[in-house]
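Peer 1: Okay, handing you the structure first.
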Amino acid sequence: MNKERYVAAVEVSSSKIMAVVGKVSDDGQVAVIATEQERGVEGVRYGIVQNLEETAMRIARILEKLQRKPAVAPRQITSLFVGLSGRSLHSISTKVSQTLPNEMEITQDILDRLYQQALATDIDASLCVVDAIPRTYTIGKYETQSPKGTIGNDIRAVYDLIVCRPEMQRNLTRTLSEKTAVDIKKFIVTALSTAQIILSSEEKRQGCMLVDMGAETTTVSIYKNGHLAYFATLPMGGRNITRDITSLGVLEEKAEEIKVTSGNAIALESQTSLNLGGLKMSEVSGIIVARAEEIVANIIEQISYAGLKESDLPGGLICIGGASKLNGIIDLLANKTGLPVRRGQLPPYIVMQDSRIPVSDALQAVSILYAGATNSTDECLDIPVTEDLPIDGTANEEVQKPQKPAGPKHTTPGWLSRIGDKLSNVFSGDSEDDSDLL
């Protein structure tokens, strides 16, 4: 008999909150069975929850909608895998080592101790360590990325510590655990989970860059020789372009609409006199192009910050996120780097059974779900327990019988009322006198 497991995840960003429910089959396949989101979030800035009450209310509303979906009901969401993304997230390189008592096989226990040693690295007090990602291991003079099972009397490793401001996790914990009474199974770094499902092993070995262009931040993850080589979050995104357009005297909602429907990251070949809603499109184009080029320049600059050159990334750039949908932004990146640029896609081994929300919008939340489902055996949904009646058919004292709806009183002759009461008691099995309801 197949044993299915139900998991759930939430992504909280400054442009939207999205939650997804997945079903994991006994052979490990993950199917996304329900998705729900709310846009226009004002209580989150640069990945940090600023308004706990508003954010909790929105999450509770999303979870309630998910629980009413036929694919989920009657299960209740009791815990979530929670994504971490935001301006303060970045990586710090650290080196750790252990000397072994003698030449011996490198076991998982040794690797676990090395990992804990990396997590305990002293860093800036304004930051906290979220995770430690191994880059390379060295046993003796032998460098490897697969140390388990090798022989040596010492082991050294280079880790990339993923760090962020403590309030990023703290405020999410307050919002979920304290205000919505939903447990957090684990915090998952969204940039790492998206790379897990979007980037191929070949791209990681060749060298590539994953670019997640959000509303207020752009996350850059560079992979080389099969491992993470650099990770940073830039405090700029699609909303910067939108707010620049508001300088022309339009509200942000209208500016967003203009950007999405008529904007282009590449300058027009010839000037136009076209007006849109009273705005000169030449002015709009100039604003969008200027900011898009600034964002792209900052993305490209991360390659040199990682100690690499464009030629070190033949795997190219892979783009995801709402801001990457801006017309011309992919071409602009390709023109400026000379590298192949593609849009990230959901891999075929993850099945989207609920396709109401575009897959491109759900990539991050689905990746968090997949990471939680495949790296643990946890269950996030429970079926409420209903109290069974005893064998004699009488209800337990704790179980309250539904009240009869109140209705208008009727005056009936005393004998007819008594006969009616007896007949009612016979059919209902109730021996109490209900005459006070008449």
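Letters for chains follow the order of the structure tokens (A, B, ...), residue numbers begin at 1 for each chain, and ligand numbers begin at 1 in the order shown.
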Quick one: DSSP helix (DSSP H, G or I) residues in range 184-237 of chain A, as a PyMOL selection string?

Peer 2: chain A and resi 190-198+201-206

Peer 1: I'd like the neighbourhood of Lys185 in chain A as a list in words, where a residue qualifies if any of its atoms comes within 9 Å (using only C-alpha atoms), though same-chain residues fewer than 5 positions away should be ignored.

Peer 2: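 Non-adjacent residues within range: Ser79, Leu80, Phe81, Val82, Gly372, Asp378 and Cys380 of chain A.
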
Peer 1: Can you check which residues of range 175-402 of chain A DSSP gives as strand (DSSP E) on the backbone and send them as a count of residues only?

Peer 2: 45

Peer 1: Quick one: pull the distance between CA of Leu251 in chain A and CA of Pro358 in chain A, Å, one decimal.

Peer 2: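 We find that CA of Leu251 in chain A and CA of Pro358 in chain A lie 26.3 Å from each other.
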
Peer 1: Choose the residue, out of A:Gly238, A:Gly207, A:Pro347, A:Gly28, that has the smallest atom-to-atom separation from Leu308 in chain A; count only C-alpha atoms.

Peer 2: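 Nearest to Leu308 in chain A: A:Gly207.
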
Peer 1: Could you name the residues that touch Arg156 in chain A at 6 Å or less, counting only C-alpha atoms, but leaving out those on the same chain fewer than 6 positions away, as number ranges by chain?

Peer 2: A: 96-97, 137-138

Peer 1: Range 224-236 of chain A: which residues within 7 Å, counting only C-alpha atoms, same-chain residues fewer than 6 positions away excluded, as a PDB file with N, CA, C and O atoms, in the first residue's frame?

Peer 2:
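Result went into selection.pdb, see below:
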```
ATOM      1  N   GLY A  86      16.304  37.952   1.065  1.00  0.00           N
ATOM      2  CA  GLY A  86      16.282  39.351   1.449  1.00  0.00           C
ATOM      3  C   GLY A  86      17.639  39.999   1.338  1.00  0.00           C
ATOM      4  O   GLY A  86      18.647  39.349   1.055  1.00  0.00           O
ATOM      5  N   ARG A  87      17.658  41.298   1.582  1.00  0.00           N
ATOM      6  CA  ARG A  87      18.830  42.124   1.300  1.00  0.00           C
ATOM      7  C   ARG A  87      20.067  41.691   2.083  1.00  0.00           C
ATOM      8  O   ARG A  87      21.182  41.751   1.570  1.00  0.00           O
ATOM      9  N   SER A  88      19.916  41.257   3.331  1.00  0.00           N
ATOM     10  CA  SER A  88      21.092  40.980   4.154  1.00  0.00           C
ATOM     11  C   SER A  88      21.715  39.612   3.905  1.00  0.00           C
ATOM     12  O   SER A  88      22.791  39.324   4.424  1.00  0.00           O
ATOM     13  N   LEU A  89      21.067  38.774   3.130  1.00  0.00           N
ATOM     14  CA  LEU A  89      21.601  37.435   2.870  1.00  0.00           C
ATOM     15  C   LEU A  89      22.828  37.505   1.955  1.00  0.00           C
ATOM     16  O   LEU A  89      22.779  38.092   0.873  1.00  0.00           O
ATOM     17  N   HIS A  90      23.921  36.886   2.388  1.00  0.00           N
ATOM     18  CA  HIS A  90      25.101  36.772   1.559  1.00  0.00           C
ATOM     19  C   HIS A  90      25.985  35.652   2.113  1.00  0.00           C
ATOM     20  O   HIS A  90      25.651  35.026   3.124  1.00  0.00           O
ATOM     21  N   SER A  91      27.090  35.394   1.451  1.00  0.00           N
ATOM     22  CA  SER A  91      27.970  34.304   1.878  1.00  0.00           C
ATOM     23  C   SER A  91      29.296  34.836   2.397  1.00  0.00           C
ATOM     24  O   SER A  91      29.775  35.885   1.960  1.00  0.00           O
ATOM     25  N   ARG A 135      32.393  23.787   0.053  1.00  0.00           N
ATOM     26  CA  ARG A 135      32.917  24.075  -1.275  1.00  0.00           C
ATOM     27  C   ARG A 135      33.882  22.963  -1.710  1.00  0.00           C
ATOM     28  O   ARG A 135      33.695  22.343  -2.745  1.00  0.00           O
ATOM     29  N   SER A 201      23.560  19.945 -13.331  1.00  0.00           N
ATOM     30  CA  SER A 201      24.887  19.660 -12.788  1.00  0.00           C
ATOM     31  C   SER A 201      25.973  20.101 -13.769  1.00  0.00           C
ATOM     32  O   SER A 201      27.057  20.546 -13.363  1.00  0.00           O
ATOM     33  N   LYS A 204      26.543  23.837 -13.368  1.00  0.00           N
ATOM     34  CA  LYS A 204      27.290  24.111 -12.146  1.00  0.00           C
ATOM     35  C   LYS A 204      28.765  23.784 -12.310  1.00  0.00           C
ATOM     36  O   LYS A 204      29.628  24.477 -11.768  1.00  0.00           O
ATOM     37  N   ARG A 205      29.073  22.713 -13.029  1.00  0.00           N
ATOM     38  CA  ARG A 205      30.471  22.347 -13.243  1.00  0.00           C
ATOM     39  C   ARG A 205      31.154  23.343 -14.178  1.00  0.00           C
ATOM     40  O   ARG A 205      32.288  23.760 -13.949  1.00  0.00           O
ATOM     41  N   GLN A 206      30.473  23.731 -15.247  1.00  0.00           N
ATOM     42  CA  GLN A 206      31.059  24.680 -16.198  1.00  0.00           C
ATOM     43  C   GLN A 206      31.287  26.043 -15.570  1.00  0.00           C
ATOM     44  O   GLN A 206      32.302  26.703 -15.810  1.00  0.00           O
ATOM     45  N   GLY A 207      30.314  26.462 -14.784  1.00  0.00           N
ATOM     46  CA  GLY A 207      30.309  27.807 -14.243  1.00  0.00           C
ATOM     47  C   GLY A 207      29.112  28.563 -14.763  1.00  0.00           C
ATOM     48  O   GLY A 207      28.941  28.710 -15.977  1.00  0.00           O
ATOM     49  N   CYS A 208      28.254  29.010 -13.863  1.00  0.00           N
ATOM     50  CA  CYS A 208      27.051  29.726 -14.269  1.00  0.00           C
ATOM     51  C   CYS A 208      26.610  30.657 -13.152  1.00  0.00           C
ATOM     52  O   CYS A 208      27.114  30.583 -12.025  1.00  0.00           O
ATOM     53  N   GLU A 216      12.274  44.132  -4.805  1.00  0.00           N
ATOM     54  CA  GLU A 216      13.160  45.057  -4.109  1.00  0.00           C
ATOM     55  C   GLU A 216      14.601  44.575  -4.026  1.00  0.00           C
ATOM     56  O   GLU A 216      15.488  45.343  -3.657  1.00  0.00           O
ATOM     57  N   THR A 217      14.824  43.297  -4.326  1.00  0.00           N
ATOM     58  CA  THR A 217      16.178  42.747  -4.262  1.00  0.00           C
ATOM     59  C   THR A 217      16.453  41.870  -5.476  1.00  0.00           C
ATOM     60  O   THR A 217      15.531  41.337  -6.100  1.00  0.00           O
ATOM     61  N   THR A 218      17.737  41.729  -5.791  1.00  0.00           N
ATOM     62  CA  THR A 218      18.183  40.809  -6.838  1.00  0.00           C
ATOM     63  C   THR A 218      19.252  39.907  -6.223  1.00  0.00           C
ATOM     64  O   THR A 218      20.274  40.414  -5.731  1.00  0.00           O
ATOM     65  N   ILE A 295      20.856  48.147 -12.966  1.00  0.00           N
ATOM     66  CA  ILE A 295      20.669  46.843 -12.325  1.00  0.00           C
ATOM     67  C   ILE A 295      21.550  45.792 -12.989  1.00  0.00           C
ATOM     68  O   ILE A 295      22.235  45.003 -12.312  1.00  0.00           O
ATOM     69  N   ALA A 306      33.398  37.882  -7.239  1.00  0.00           N
ATOM     70  CA  ALA A 306      33.615  36.452  -6.966  1.00  0.00           C
ATOM     71  C   ALA A 306      35.011  36.002  -7.380  1.00  0.00           C
ATOM     72  O   ALA A 306      35.361  34.829  -7.216  1.00  0.00           O
TER      73      ALA A 306
END
```

Peer 1: At most 10 Å is the cut-off: for each residue in range 166-200 of chain A with any atom that close to an atom of range 5-23 of chain A, write down the nearest atom pair and the distance in Å rounded to one decimal, counting only C-alpha atoms, chain first then increasing number, as CSV.

Peer 2:
```
residue,atom,partner,partner_atom,distance
A:Leu172,CA,A:Val12,CA,8.7
A:Ile184,CA,A:Ala9,CA,9.4
A:Lys185,CA,A:Ala9,CA,9.3
A:Lys186,CA,A:Ala9,CA,9.7
A:Phe187,CA,A:Ala9,CA,9.9
A:Ile188,CA,A:Ala9,CA,9.7
A:Thr190,CA,A:Glu11,CA,8.3
```

Peer 1: Hey, can you check how far CA of Thr94 in chain A sits from CA of Val158 in chain A?

Peer 2: 5.8 Å

Peer 1: Write out as JSON lines a residue-level contact list of range 171-229 of chain A versus range 318-342 of chain A with cut-off 9 Å: for each qualifying residue the closest pair of atoms and the distance in Å to one decimal, counting only C-alpha atoms, rows sorted by chain and residue number upward.

Peer 2:
```
{"residue": "A:Ile198", "atom": "CA", "partner": "A:Ile318", "partner_atom": "CA", "distance": 8.4}
{"residue": "A:Leu199", "atom": "CA", "partner": "A:Ile318", "partner_atom": "CA", "distance": 7.9}
{"residue": "A:Cys208", "atom": "CA", "partner": "A:Ile318", "partner_atom": "CA", "distance": 7.7}
{"residue": "A:Met209", "atom": "CA", "partner": "A:Ile318", "partner_atom": "CA", "distance": 6.2}
{"residue": "A:Leu210", "atom": "CA", "partner": "A:Ile318", "partner_atom": "CA", "distance": 4.9}
{"residue": "A:Val211", "atom": "CA", "partner": "A:Cys319", "partner_atom": "CA", "distance": 4.8}
{"residue": "A:Asp212", "atom": "CA", "partner": "A:Ile320", "partner_atom": "CA", "distance": 4.8}
{"residue": "A:Met213", "atom": "CA", "partner": "A:Gly321", "partner_atom": "CA", "distance": 4.7}
{"residue": "A:Gly214", "atom": "CA", "partner": "A:Gly321", "partner_atom": "CA", "distance": 5.2}
{"residue": "A:Ala215", "atom": "CA", "partner": "A:Ala323", "partner_atom": "CA", "distance": 6.5}
{"residue": "A:Thr218", "atom": "CA", "partner": "A:Gly321", "partner_atom": "CA", "distance": 8.6}
```

Peer 1: Give the answer as one residue: which of A:Ile245, A:Ala290, A:Ala71, A:Leu268 has the shortest atom-to-atom distance to Ala31 in chain A, using only C-alpha atoms?

Peer 2: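 Ranked by minimum distance to Ala31 in chain A, first place goes to A:Ala71.
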
Peer 1: Just how far from CA of Asp131 in chain A is CA of Ala371 in chain A, in Å to one decimal?

Peer 2: 13.8 Å

Peer 1: Here is a test: counting only C-alpha atoms, which residue of A:Val220, A:Val182, A:Ile77, A:Ile106 is nearest to Thr194 in chain A?

Peer 2: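 Result for the nearest residue to Thr194 in chain A: A:Val220.
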